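For reference, entry-v7.cif (mmCIF, C-alpha atoms (C1' of nucleotides)):
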```cif
data_run
loop_
_atom_site.label_atom_id
_atom_site.label_comp_id
_atom_site.auth_asym_id
_atom_site.auth_seq_id
_atom_site.Cartn_x
_atom_site.Cartn_y
_atom_site.Cartn_z
CA MET A 1341 0.00 0.00 0.00
CA ASN A 1342 2.44 2.59 1.26
CA GLU A 1343 4.38 2.88 -2.04
CA ALA A 1344 7.72 3.47 -0.30
CA VAL A 1345 6.90 7.18 0.24
CA VAL A 1346 7.60 8.18 3.83
CA LEU A 1347 4.79 9.82 5.71
CA THR A 1348 6.01 13.26 6.78
CA SER A 1349 4.15 16.11 8.46
CA GLU A 1350 4.74 18.15 5.34
CA ARG A 1351 3.08 15.56 3.11
CA ILE A 1352 0.14 15.30 5.49
CA LEU A 1353 -0.31 19.08 5.39
CA GLU A 1354 -0.27 19.16 1.60
CA VAL A 1355 -2.83 16.40 1.33
CA THR A 1356 -4.94 18.01 4.07
CA GLU A 1357 -5.11 21.19 2.00
CA ASP A 1358 -6.26 19.12 -0.98
CA VAL A 1359 -8.90 17.40 1.11
CA LEU A 1360 -10.11 20.74 2.49
CA ARG A 1361 -10.34 22.12 -1.03
CA ARG A 1362 -12.22 19.04 -2.26
CA TYR A 1363 -14.60 18.37 0.63
CA GLY A 1364 -14.86 21.76 2.34
CA LEU A 1365 -14.09 22.49 5.98
CA ALA A 1366 -17.24 20.97 7.44
CA LYS A 1367 -16.95 17.65 5.63
CA ALA A 1368 -13.19 17.09 5.71
CA THR A 1369 -12.34 14.45 8.31
CA VAL A 1370 -9.09 12.95 9.54
CA VAL A 1371 -10.27 9.68 8.00
CA ASP A 1372 -10.56 11.45 4.61
CA VAL A 1373 -7.00 12.74 4.94
CA ALA A 1374 -5.72 9.29 5.87
CA ARG A 1375 -7.60 7.73 2.95
CA ALA A 1376 -6.07 10.26 0.54
CA LEU A 1377 -2.63 9.37 1.93
CA ASP A 1378 -3.45 5.68 1.75
CA VAL A 1379 -2.67 5.09 5.43
CA SER A 1380 -4.80 4.43 8.49
CA HIS A 1381 -6.05 7.48 10.35
CA GLY A 1382 -4.03 6.35 13.37
CA SER A 1383 -0.88 7.23 11.45
CA VAL A 1384 -1.95 10.81 11.05
CA TYR A 1385 -2.24 11.06 14.84
CA ARG A 1386 1.41 10.02 15.01
CA HIS A 1387 2.35 13.39 13.48
CA PHE A 1388 -0.39 15.64 14.86
CA PRO A 1389 -1.80 15.15 18.36
CA SER A 1390 -5.32 16.19 17.32
CA LYS A 1391 -7.48 17.27 14.43
CA ALA A 1392 -7.34 20.82 15.82
CA SER A 1393 -3.53 20.88 15.73
CA LEU A 1394 -3.55 19.59 12.16
CA ARG A 1395 -5.90 22.39 11.15
CA GLU A 1396 -3.82 24.90 13.05
CA ALA A 1397 -0.74 23.81 11.09
CA VAL A 1398 -2.65 24.28 7.82
CA ALA A 1399 -3.69 27.78 8.92
CA LYS A 1400 -0.10 28.61 9.83
CA ARG A 1401 1.16 27.59 6.37
CA TRP A 1402 -1.47 29.73 4.76
CA LEU A 1403 -0.62 32.79 6.86
CA GLU A 1404 3.07 32.30 6.14
CA ARG A 1405 2.33 32.46 2.44
CA VAL A 1406 0.80 35.89 3.10
CA SER A 1407 3.54 37.28 5.32
CA ALA A 1408 6.62 36.04 3.44
CA PRO A 1409 6.32 38.42 0.41
CA LEU A 1410 5.53 41.26 2.81
CA ALA A 1411 8.66 40.59 4.86
CA GLN A 1412 10.64 40.82 1.64
CA ILE A 1413 9.21 44.26 0.86
CA ALA A 1414 9.83 45.43 4.41
CA ALA A 1415 13.49 44.33 4.14
CA GLU A 1416 14.20 46.26 0.92
CA PRO A 1417 16.15 49.49 1.19
CA ALA A 1418 13.80 52.26 0.05
CA PRO A 1419 12.27 55.54 1.25
CA ALA A 1420 9.91 54.60 4.07
CA PRO A 1421 6.70 56.33 2.92
CA ALA A 1422 6.72 54.71 -0.54
CA LYS A 1423 7.76 51.38 0.92
CA LEU A 1424 5.05 51.44 3.57
CA GLU A 1425 2.44 52.28 0.95
CA ARG A 1426 3.65 49.47 -1.30
CA TRP A 1427 3.66 47.08 1.66
CA LEU A 1428 0.08 47.95 2.56
CA ARG A 1429 -1.10 47.67 -1.04
CA GLU A 1430 0.60 44.29 -1.28
CA LEU A 1431 -1.21 43.20 1.91
CA PHE A 1432 -4.58 44.36 0.55
CA GLY A 1433 -3.84 42.77 -2.81
CA ALA A 1434 -2.80 39.43 -1.31
CA LYS A 1435 -5.98 39.15 0.73
CA GLN A 1436 -8.24 40.40 -2.01
CA LYS A 1437 -6.68 38.13 -4.62
CA ARG A 1438 -7.29 35.12 -2.41
CA VAL A 1439 -10.94 35.91 -1.83
CA CYS A 1440 -11.63 36.71 -5.49
CA GLU A 1441 -9.86 33.69 -6.95
CA ASP A 1442 -11.30 31.07 -4.64
CA PRO A 1443 -13.99 32.39 -2.29
CA GLU A 1444 -14.85 28.93 -1.03
CA MET A 1445 -11.28 28.17 0.00
CA PHE A 1446 -11.05 31.64 1.54
CA ALA A 1447 -14.10 30.88 3.67
CA THR A 1448 -12.47 27.64 4.72
CA TYR A 1449 -9.27 29.38 5.77
CA LEU A 1450 -11.28 32.04 7.53
CA THR A 1451 -13.04 29.52 9.75
CA LEU A 1452 -9.75 27.70 10.25
CA ALA A 1453 -8.21 30.98 11.40
CA ARG A 1454 -11.03 31.60 13.86
CA GLU A 1455 -10.27 28.27 15.52
CA ALA A 1456 -6.50 28.79 15.53
CA CYS A 1457 -6.61 32.25 17.05
CA SER A 1458 -3.21 32.03 18.73
CA VAL A 1459 -1.61 31.44 15.32
CA VAL A 1460 -3.48 34.42 13.94
CA LYS A 1461 -2.40 36.58 16.84
CA ALA A 1462 1.24 35.73 16.20
CA HIS A 1463 0.77 36.49 12.50
CA LYS A 1464 -0.73 39.87 13.34
CA GLN A 1465 2.13 40.65 15.74
CA ASN A 1466 4.58 39.74 12.99
CA LEU A 1467 2.90 42.07 10.49
CA ILE A 1468 2.72 44.93 12.97
CA ALA A 1469 6.40 44.46 13.77
CA GLN A 1470 7.18 44.81 10.06
CA VAL A 1471 5.19 48.06 9.93
CA GLU A 1472 6.94 49.27 13.05
CA GLY A 1473 10.31 48.69 11.37
CA MET A 1474 9.30 50.72 8.32
CA ILE A 1475 7.97 53.55 10.47
CA ALA A 1476 11.16 53.63 12.54
CA GLU A 1477 13.13 53.84 9.28
CA GLY A 1478 10.92 56.70 8.16
CA VAL A 1479 11.59 58.55 11.40
CA ALA A 1480 15.33 58.00 10.96
CA GLN A 1481 15.07 59.28 7.38
CA GLY A 1482 13.23 62.38 8.61
CA ALA A 1483 10.18 61.53 6.50
CA PHE A 1484 7.92 60.57 9.41
CA ASP A 1485 7.22 62.39 12.64
CA VAL A 1486 5.91 59.89 15.14
CA ALA A 1487 6.16 59.71 18.93
CA ASP A 1488 6.17 55.92 19.26
CA PRO A 1489 6.69 53.73 16.16
CA LYS A 1490 5.17 50.71 17.93
CA VAL A 1491 1.95 52.57 18.71
CA ALA A 1492 1.86 54.12 15.25
CA ALA A 1493 2.33 50.71 13.61
CA ALA A 1494 -0.63 49.29 15.53
CA ALA A 1495 -2.65 52.36 14.52
CA ILE A 1496 -1.80 51.87 10.83
CA PHE A 1497 -2.83 48.26 11.12
CA ASP A 1498 -6.09 49.12 12.89
CA ALA A 1499 -6.90 51.94 10.48
CA THR A 1500 -6.54 49.72 7.42
CA ARG A 1501 -8.62 46.80 8.68
CA SER A 1502 -11.39 47.53 6.18
CA PHE A 1503 -9.01 46.41 3.47
CA HIS A 1504 -7.26 43.42 5.00
CA HIS A 1505 -9.47 41.98 7.74
CA PRO A 1506 -11.55 39.09 6.37
CA ALA A 1507 -14.66 40.37 8.15
CA HIS A 1508 -14.86 43.03 5.45
CA ALA A 1509 -14.11 40.69 2.53
CA ASP A 1510 -17.61 41.04 1.12
CA GLU A 1511 -16.84 44.68 0.28
CA TRP A 1512 -13.59 43.96 -1.55
CA SER A 1513 -15.32 43.22 -4.82
CA GLU A 1514 -17.14 46.57 -4.84
CA CYS A 1515 -15.87 48.93 -7.50
CA THR A 1516 -15.43 51.77 -4.98
CA CYS A 1517 -13.09 49.66 -2.88
CA SER A 1518 -9.75 50.61 -4.39
CA ALA A 1519 -10.63 54.31 -4.38
CA ARG A 1520 -11.55 54.01 -0.71
CA ALA A 1521 -8.26 52.30 0.03
CA ASP A 1522 -6.45 55.13 -1.76
CA ALA A 1523 -8.25 57.70 0.37
CA VAL A 1524 -7.35 55.94 3.62
CA LEU A 1525 -3.71 55.49 2.57
CA THR A 1526 -3.43 59.17 1.62
CA LEU A 1527 -4.88 60.22 4.96
CA LEU A 1528 -2.63 57.91 6.97
CA LEU A 1529 0.58 58.82 5.14
CA ARG A 1530 -0.25 62.50 5.65
CA GLY A 1531 -0.82 61.73 9.32
CA LEU A 1532 2.61 60.12 9.66
CA ALA A 1533 4.52 62.67 7.57
CA ALA A 1534 6.95 65.15 9.08
CA ARG A 1535 6.01 68.69 8.16
CA MET B 582 -58.94 39.80 25.99
CA ASN B 583 -57.84 42.87 24.08
CA GLU B 584 -58.14 45.23 27.08
CA ALA B 585 -59.16 48.24 24.95
CA VAL B 586 -55.52 48.98 24.02
CA VAL B 587 -55.20 49.52 20.28
CA LEU B 588 -52.68 47.44 18.45
CA THR B 589 -50.21 49.82 16.82
CA SER B 590 -46.99 49.14 14.93
CA GLU B 591 -45.16 50.96 17.68
CA ARG B 592 -46.57 48.69 20.39
CA ILE B 593 -45.72 45.62 18.33
CA LEU B 594 -42.14 46.82 17.97
CA GLU B 595 -41.75 47.41 21.69
CA VAL B 596 -43.09 43.99 22.56
CA THR B 597 -40.97 42.41 19.82
CA GLU B 598 -37.87 43.86 21.45
CA ASP B 599 -38.97 42.38 24.77
CA VAL B 600 -39.56 39.01 23.18
CA LEU B 601 -36.16 39.13 21.47
CA ARG B 602 -34.51 39.98 24.78
CA ARG B 603 -36.37 37.19 26.57
CA TYR B 604 -36.20 34.35 24.03
CA GLY B 605 -33.19 35.32 21.91
CA LEU B 606 -33.17 35.79 18.16
CA ALA B 607 -33.27 32.13 17.19
CA LYS B 608 -36.25 31.25 19.39
CA ALA B 609 -38.37 34.38 19.07
CA THR B 610 -41.32 33.68 16.79
CA VAL B 611 -44.18 35.79 15.50
CA VAL B 612 -46.46 33.58 17.57
CA ASP B 613 -44.48 34.53 20.68
CA VAL B 614 -44.89 38.23 19.88
CA ALA B 615 -48.61 37.77 19.30
CA ARG B 616 -48.96 35.85 22.56
CA ALA B 617 -47.14 38.61 24.46
CA LEU B 618 -49.53 41.12 22.90
CA ASP B 619 -52.48 38.87 23.65
CA VAL B 620 -53.68 38.81 20.03
CA SER B 621 -53.61 36.20 17.29
CA HIS B 622 -50.48 36.11 15.15
CA GLY B 623 -52.62 37.02 12.13
CA SER B 624 -53.03 40.48 13.65
CA VAL B 625 -49.31 41.08 13.64
CA TYR B 626 -49.28 40.38 9.90
CA ARG B 627 -51.81 43.18 9.54
CA HIS B 628 -49.09 45.69 10.53
CA PHE B 629 -45.99 44.00 9.10
CA PRO B 630 -46.11 42.03 5.84
CA SER B 631 -43.58 39.47 7.03
CA LYS B 632 -41.43 38.39 9.92
CA ALA B 633 -38.39 39.79 8.06
CA SER B 634 -39.99 43.25 7.81
CA LEU B 635 -40.84 43.19 11.52
CA ARG B 636 -37.22 42.38 12.34
CA GLU B 637 -36.04 45.05 9.93
CA ALA B 638 -38.16 47.62 11.74
CA VAL B 639 -36.64 46.57 15.07
CA ALA B 640 -33.15 46.94 13.60
CA LYS B 641 -34.03 50.38 12.27
CA ARG B 642 -35.20 51.56 15.70
CA TRP B 643 -32.00 50.33 17.22
CA LEU B 644 -29.80 52.08 14.68
CA GLU B 645 -31.76 55.28 15.12
CA ARG B 646 -30.99 55.20 18.83
CA VAL B 647 -27.30 55.15 17.84
CA SER B 648 -27.41 57.89 15.22
CA ALA B 649 -29.68 60.41 16.97
CA PRO B 650 -27.16 61.54 19.66
CA LEU B 651 -24.47 61.69 16.99
CA ALA B 652 -26.57 63.93 14.79
CA GLN B 653 -26.95 66.26 17.77
CA ILE B 654 -23.17 66.52 18.19
CA ALA B 655 -22.70 67.07 14.44
CA ALA B 656 -25.21 69.93 14.55
CA GLU B 657 -23.51 71.81 17.39
CA PRO B 658 -21.48 74.89 16.51
CA ALA B 659 -17.87 74.08 17.47
CA PRO B 660 -14.37 73.89 15.98
CA ALA B 661 -14.44 71.00 13.53
CA PRO B 662 -11.42 68.97 14.71
CA ALA B 663 -12.58 68.80 18.34
CA LYS B 664 -16.15 68.16 17.26
CA LEU B 665 -15.16 65.37 14.89
CA GLU B 666 -13.06 63.75 17.57
CA ARG B 667 -15.93 63.99 20.08
CA TRP B 668 -18.33 62.58 17.50
CA LEU B 669 -16.09 59.59 16.80
CA ARG B 670 -15.53 58.94 20.49
CA GLU B 671 -19.28 59.07 21.03
CA LEU B 672 -19.73 56.56 18.20
CA PHE B 673 -17.14 54.20 19.67
CA GLY B 674 -18.60 54.66 23.14
CA ALA B 675 -22.16 54.00 22.04
CA LYS B 676 -21.25 50.74 20.34
CA GLN B 677 -18.92 49.60 23.08
CA LYS B 678 -21.39 50.43 25.81
CA ARG B 679 -24.03 48.32 24.08
CA VAL B 680 -21.80 45.29 23.75
CA CYS B 681 -20.49 45.52 27.32
CA GLU B 682 -23.84 46.05 29.00
CA ASP B 683 -25.75 43.34 27.20
CA PRO B 684 -23.60 41.15 24.95
CA GLU B 685 -26.46 38.76 24.24
CA MET B 686 -28.76 41.51 23.02
CA PHE B 687 -25.89 42.96 21.02
CA ALA B 688 -25.42 39.61 19.27
CA THR B 689 -29.13 39.59 18.55
CA TYR B 690 -29.04 43.04 16.99
CA LEU B 691 -25.93 42.11 15.06
CA THR B 692 -27.64 39.17 13.38
CA LEU B 693 -30.72 41.28 12.85
CA ALA B 694 -28.54 43.89 11.13
CA ARG B 695 -26.98 41.27 8.87
CA GLU B 696 -30.43 40.35 7.63
CA ALA B 697 -31.59 43.95 7.19
CA CYS B 698 -28.56 45.07 5.23
CA SER B 699 -30.39 47.80 3.30
CA VAL B 700 -31.30 49.47 6.60
CA VAL B 701 -27.70 49.21 7.72
CA LYS B 702 -26.47 50.68 4.46
CA ALA B 703 -28.75 53.69 4.89
CA HIS B 704 -27.54 54.10 8.49
CA LYS B 705 -23.93 54.05 7.31
CA GLN B 706 -24.67 56.60 4.60
CA ASN B 707 -26.30 58.80 7.22
CA LEU B 708 -23.27 58.61 9.53
CA ILE B 709 -20.82 59.28 6.70
CA ALA B 710 -22.90 62.30 5.66
CA GLN B 711 -22.61 63.64 9.20
CA VAL B 712 -18.83 63.23 9.07
CA GLU B 713 -18.76 64.88 5.66
CA GLY B 714 -20.57 67.89 7.11
CA MET B 715 -18.05 68.25 9.91
CA ILE B 716 -15.11 67.92 7.53
CA ALA B 717 -16.59 70.55 5.20
CA GLU B 718 -16.96 72.86 8.22
CA GLY B 719 -13.33 72.20 9.11
CA VAL B 720 -12.24 73.13 5.62
CA ALA B 721 -14.31 76.32 5.78
CA GLN B 722 -12.73 77.11 9.16
CA GLY B 723 -9.24 76.58 7.70
CA ALA B 724 -8.55 73.77 10.15
CA PHE B 725 -8.69 70.95 7.62
CA ASP B 726 -7.02 70.64 4.23
CA VAL B 727 -8.94 68.08 2.24
CA ALA B 728 -9.52 67.69 -1.51
CA ASP B 729 -12.97 66.08 -1.31
CA PRO B 730 -14.90 66.07 2.00
CA LYS B 731 -17.13 63.21 0.79
CA VAL B 732 -14.13 60.97 0.05
CA ALA B 733 -12.41 62.01 3.27
CA ALA B 734 -15.53 61.23 5.31
CA ALA B 735 -15.69 57.73 3.88
CA ALA B 736 -11.99 57.33 4.63
CA ILE B 737 -12.47 58.41 8.25
CA PHE B 738 -15.31 55.93 8.57
CA ASP B 739 -13.28 53.11 7.00
CA ALA B 740 -10.19 53.89 9.06
CA THR B 741 -12.08 53.71 12.35
CA ARG B 742 -13.92 50.45 11.68
CA SER B 743 -11.86 48.61 14.28
CA PHE B 744 -13.65 50.65 16.90
CA HIS B 745 -17.22 50.79 15.65
CA HIS B 746 -17.80 47.82 13.35
CA PRO B 747 -19.39 44.94 15.28
CA ALA B 748 -17.07 42.42 13.60
CA HIS B 749 -14.36 43.73 15.93
CA ALA B 750 -16.52 43.82 19.06
CA ASP B 751 -14.60 41.01 20.71
CA GLU B 752 -11.58 43.34 20.97
CA TRP B 753 -13.44 46.21 22.58
CA SER B 754 -13.09 44.81 26.07
CA GLU B 755 -9.30 44.56 25.77
CA CYS B 756 -7.47 47.04 27.96
CA THR B 757 -5.34 48.27 25.06
CA CYS B 758 -8.42 49.21 23.08
CA SER B 759 -8.87 52.81 24.15
CA ALA B 760 -5.16 53.57 23.70
CA ARG B 761 -5.36 52.11 20.20
CA ALA B 762 -8.37 54.26 19.42
CA ASP B 763 -6.45 57.30 20.66
CA ALA B 764 -3.55 56.46 18.35
CA VAL B 765 -5.80 56.09 15.31
CA LEU B 766 -7.68 59.32 16.08
CA THR B 767 -4.41 61.23 16.48
CA LEU B 768 -3.12 59.92 13.17
CA LEU B 769 -6.34 60.70 11.32
CA LEU B 770 -6.75 64.21 12.72
CA ARG B 771 -3.12 64.92 11.78
CA GLY B 772 -3.90 63.59 8.32
CA LEU B 773 -6.84 65.95 7.91
CA ALA B 774 -5.19 69.02 9.44
CA ALA B 775 -4.11 72.02 7.39
CA ARG B 776 -0.43 72.78 7.90
"C1'" DG C 125 -66.91 48.13 6.49
"C1'" DT C 126 -63.06 47.35 9.63
"C1'" DG C 127 -60.21 44.71 12.20
"C1'" DC C 128 -59.49 40.38 14.41
"C1'" DT C 129 -59.63 35.32 14.65
"C1'" DG C 130 -58.38 30.68 13.94
"C1'" DA C 131 -57.85 26.88 10.64
"C1'" DC C 132 -54.93 25.66 7.00
"C1'" DA C 133 -50.84 24.51 3.57
"C1'" DG C 134 -46.27 24.63 2.93
"C1'" DA C 135 -41.83 25.71 4.98
"C1'" DT C 136 -38.77 25.28 8.86
"C1'" DA C 137 -37.13 23.50 13.18
"C1'" DT C 138 -36.70 19.77 16.66
"C1'" DT C 139 -35.73 15.30 18.16
"C1'" DG C 140 -33.85 10.89 18.94
"C1'" DA C 141 -31.99 6.75 16.81
"C1'" DA C 142 -28.41 5.27 13.75
"C1'" DA C 143 -24.15 6.18 11.46
"C1'" DT C 144 -19.76 8.29 11.42
"C1'" DC C 145 -15.86 10.40 13.39
"C1'" DT C 146 -12.11 11.37 16.88
"C1'" DG C 147 -8.60 9.89 19.60
"C1'" DT C 148 -6.36 5.65 21.95
"C1'" DC C 149 -3.75 1.68 22.16
"C1'" DA C 150 -2.49 -3.30 22.04
"C1'" DG C 151 -0.33 -5.88 18.79
"C1'" DC C 152 1.68 -6.98 14.14
"C1'" DG C 153 5.35 -6.82 10.60
"C1'" DC C 154 9.63 -5.21 9.11
"C1'" DG D 155 12.70 -1.24 18.30
"C1'" DC D 156 9.87 1.48 15.22
"C1'" DG D 157 6.14 2.71 12.73
"C1'" DC D 158 1.75 1.30 11.14
"C1'" DT D 159 -2.71 -1.00 11.66
"C1'" DG D 160 -7.34 -1.71 12.89
"C1'" DA D 161 -10.64 -2.40 16.63
"C1'" DC D 162 -12.69 0.18 20.17
"C1'" DA D 163 -15.20 3.82 23.42
"C1'" DG D 164 -17.10 8.01 23.65
"C1'" DA D 165 -18.30 12.23 21.13
"C1'" DT D 166 -20.32 14.18 17.15
"C1'" DT D 167 -23.01 14.26 13.04
"C1'" DT D 168 -26.70 12.71 9.98
"C1'" DC D 169 -31.28 11.69 8.76
"C1'" DA D 170 -36.03 11.12 8.78
"C1'" DA D 171 -40.16 11.41 11.43
"C1'" DT D 172 -42.56 14.73 14.09
"C1'" DA D 173 -43.76 19.15 15.77
"C1'" DT D 174 -43.83 24.02 15.24
"C1'" DC D 175 -43.86 28.13 12.66
"C1'" DT D 176 -44.90 31.43 8.75
"C1'" DG D 177 -48.00 33.56 5.95
"C1'" DT D 178 -52.94 33.41 3.94
"C1'" DC D 179 -57.65 33.97 4.00
"C1'" DA D 180 -62.63 33.03 4.68
"C1'" DG D 181 -65.60 34.29 8.04
"C1'" DC D 182 -67.03 36.41 12.52
"C1'" DA D 183 -67.88 40.39 15.74
"C1'" DC D 184 -68.46 45.03 16.38
#
```
Kindly transcribe the structure held in the file into structure tokens.
Amino acid sequence: MNEAVVLTSERILEVTEDVLRRYGLAKATVVDVARALDVSHGSVYRHFPSKASLREAVAKRWLERVSAPLAQIAAEPAPAPAKLERWLRELFGAKQKRVCEDPEMFATYLTLAREACSVVKAHKQNLIAQVEGMIAEGVAQGAFDVADPKVAAAAIFDATRSFHHPAHADEWSECTCSARADAVLTLLLRGLAAR
Amino acid sequence: MNEAVVLTSERILEVTEDVLRRYGLAKATVVDVARALDVSHGSVYRHFPSKASLREAVAKRWLERVSAPLAQIAAEPAPAPAKLERWLRELFGAKQKRVCEDPEMFATYLTLAREACSVVKAHKQNLIAQVEGMIAEGVAQGAFDVADPKVAAAAIFDATRSFHHPAHADEWSECTCSARADAVLTLLLRGLAAR
DNA sequence: GTGCTGACAGATATTGAAATCTGTCAGCGC
DNA sequence: GCGCTGACAGATTTCAATATCTGTCAGCAC
């Protein structure tokens, strides 16, 4: 049966994503995943202590695919205001692309994320830290005038929720959406700018 | 039975709110409302064409109780920046007070609002129009420098969603919440300000 | 005539029995 | 020994029968 392919956590995660895509979140069971891997479901529990932890690992992978390209932008040497704007637009774009291309899978990940809230919290902290870095750079460059980059980063994140928080995903397909994002970005960059 | 009290839409709405509070959204039926009013459920359908329209009317009442005090603030003669800030804080406070005092009823109204999305849309338009008025005043006073008050008002509304949109209600009890609201308000008012 | 009632049809929700799933573990095969 | 299997107990989900609700309307009372 086993076809000489070792059963790794990575392989389980890949197949779990497939199963989630095929069956949907509600219907996908550990037995389904095991069947797709051609092993008994007991073997899956050898790599993940529970169904919840398996789902959490899937959510983590997904969030990492969002944050990795952002981290790359944040690491580039560039004037802070332009870089921050590009970073935010990339964040909006990444989320909005996902929901437009495959709304069903987006809904699945959304519910997954609700369950794995500690993973989401860490992801959010990571993103805010990236923003904080860019703001601190901007202050050093004399482009931004901000009392506390950490507080300002959280504020930027909070103020742009309409465009990256999944709760507002149903508005992302509206034609006014990108103009509204522009308006918020303009306002926020003006708010950060040294004068 | 009828005790000489006429059956008005207003009375039905009041009793419906009671029934919703007592039974919860899922369990509250038109029959329950009729029983509480001591009439047959057919009579309720004489005033509201459907259960959905009855619920919509309840949602509308609720939203009006939010927007009325805000309209009063918006109408006061005062310097625009301070007034706008007070208005936003009142908005945040009104929502947050509701969720803290009676989370169950808040959840009920939230679901109600999801169903009656046209009513909610109108409410949102109303609030944004109030903000637009204050921003236009600020421009006239020379305090704000804004290309298009309508666009800016929508941006202010979008940028403060974390603190007034019910999707984020679970964060409103966090101790960091008011500091975060302060940070966003500071940033936005700086963004609007003439320099 | 006006406004309410109560019986009704079709839609929706509840319930409990049966099926399936999760998580464990003794034991098998390599 | 190590990793997998498959049977098992308890939890969860499904499904279909049953009960309740929504919305209508003919007819009654005032």
Checklist line | Resolved residues for the PyMOL selection byres ((chain A) within 9 of (chain C)) as a PyMOL selection string | finding: chain A and resi 1369-1371+1382+1385+1389-1391
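Selection result for the displayed file, with the PyMOL selection byres ((chain A) within 12 of (chain D)) as criterion, is A:Met1341, A:Asn1342, A:Val1346, A:Leu1347, A:Ala1366, A:Lys1367, A:Thr1369, A:Asp1378, A:Val1379, A:Ser1380, A:His1381, A:Gly1382, A:Ser1383, A:Val1384, A:Tyr1385, A:Arg1386, A:His1387.
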Hits from the PyMOL selection byres ((chain A and resi 1352) around 9), listed as a PDB file with C-alpha atoms, in the coordinates of the input:
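The new file expr.pdb reads:
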```
ATOM      1  CA  LEU A1347       4.790   9.820   5.710  1.00  0.00           C
ATOM      2  CA  THR A1348       6.010  13.260   6.780  1.00  0.00           C
ATOM      3  CA  SER A1349       4.150  16.110   8.460  1.00  0.00           C
ATOM      4  CA  GLU A1350       4.740  18.150   5.340  1.00  0.00           C
ATOM      5  CA  ARG A1351       3.080  15.560   3.110  1.00  0.00           C
ATOM      6  CA  LEU A1353      -0.310  19.080   5.390  1.00  0.00           C
ATOM      7  CA  GLU A1354      -0.270  19.160   1.600  1.00  0.00           C
ATOM      8  CA  VAL A1355      -2.830  16.400   1.330  1.00  0.00           C
ATOM      9  CA  THR A1356      -4.940  18.010   4.070  1.00  0.00           C
ATOM     10  CA  GLU A1357      -5.110  21.190   2.000  1.00  0.00           C
ATOM     11  CA  VAL A1373      -7.000  12.740   4.940  1.00  0.00           C
ATOM     12  CA  ALA A1374      -5.720   9.290   5.870  1.00  0.00           C
ATOM     13  CA  LEU A1377      -2.630   9.370   1.930  1.00  0.00           C
ATOM     14  CA  VAL A1384      -1.950  10.810  11.050  1.00  0.00           C
ATOM     15  CA  HIS A1387       2.350  13.390  13.480  1.00  0.00           C
ATOM     16  CA  LEU A1394      -3.550  19.590  12.160  1.00  0.00           C
TER      17      LEU A1394
END
```
Margin query: Near chain B, meaning an atom within 10 Å, which residues of chain A appear when counting only C-alpha atoms? Write them as a VMD selection string.
Written below: chain A and resid 1486 1488 1491 to 1503 1505 to 1508 1519 to 1533 1535
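For the atom pair formed by atom CA of A:Lys1464 and atom CA of A:Ala1422, the distance is 21.6 Å, given to one decimal.
The space between atom CA of A:Leu1467 and atom CA of A:Glu1404 spans 10.7 Å.
Atom CA of A:Ala1414 to atom CA of A:Phe1484 spans 16.1 Å [interatomic distance, one decimal].
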Next item on the list: Identify, on the basis of all atoms listed in the file, every residue whose closest approach to A:Ala1408 does not exceed 12 Å; exclude the query and any residue fewer than 6 positions from it along the same chain; express the result as an NGL selection string.
Entry: :A and (1400-1402 or 1414-1415 or 1427 or 1430-1431 or 1434 or 1463 or 1466-1467 or 1470)
Check: Hey, what's within 12 Å of A:Glu1416 if we count all atoms listed in the file and toss same-chain stuff fewer than 2 positions away? As number ranges by chain, please?
Finding: A: 1409-1414, 1418-1420, 1422-1424, 1426-1427, 1470, 1473-1474, 1477
Note to self: Set the distance at 8 Å and use only C-alpha atoms (C1' of nucleotides): which residues neighbour B:Leu601 once local chain neighbours fewer than 4 positions away are removed? I'd like the list as a ChimeraX atom specification.
What the structure shows: /B:597,605-606,609,686,689
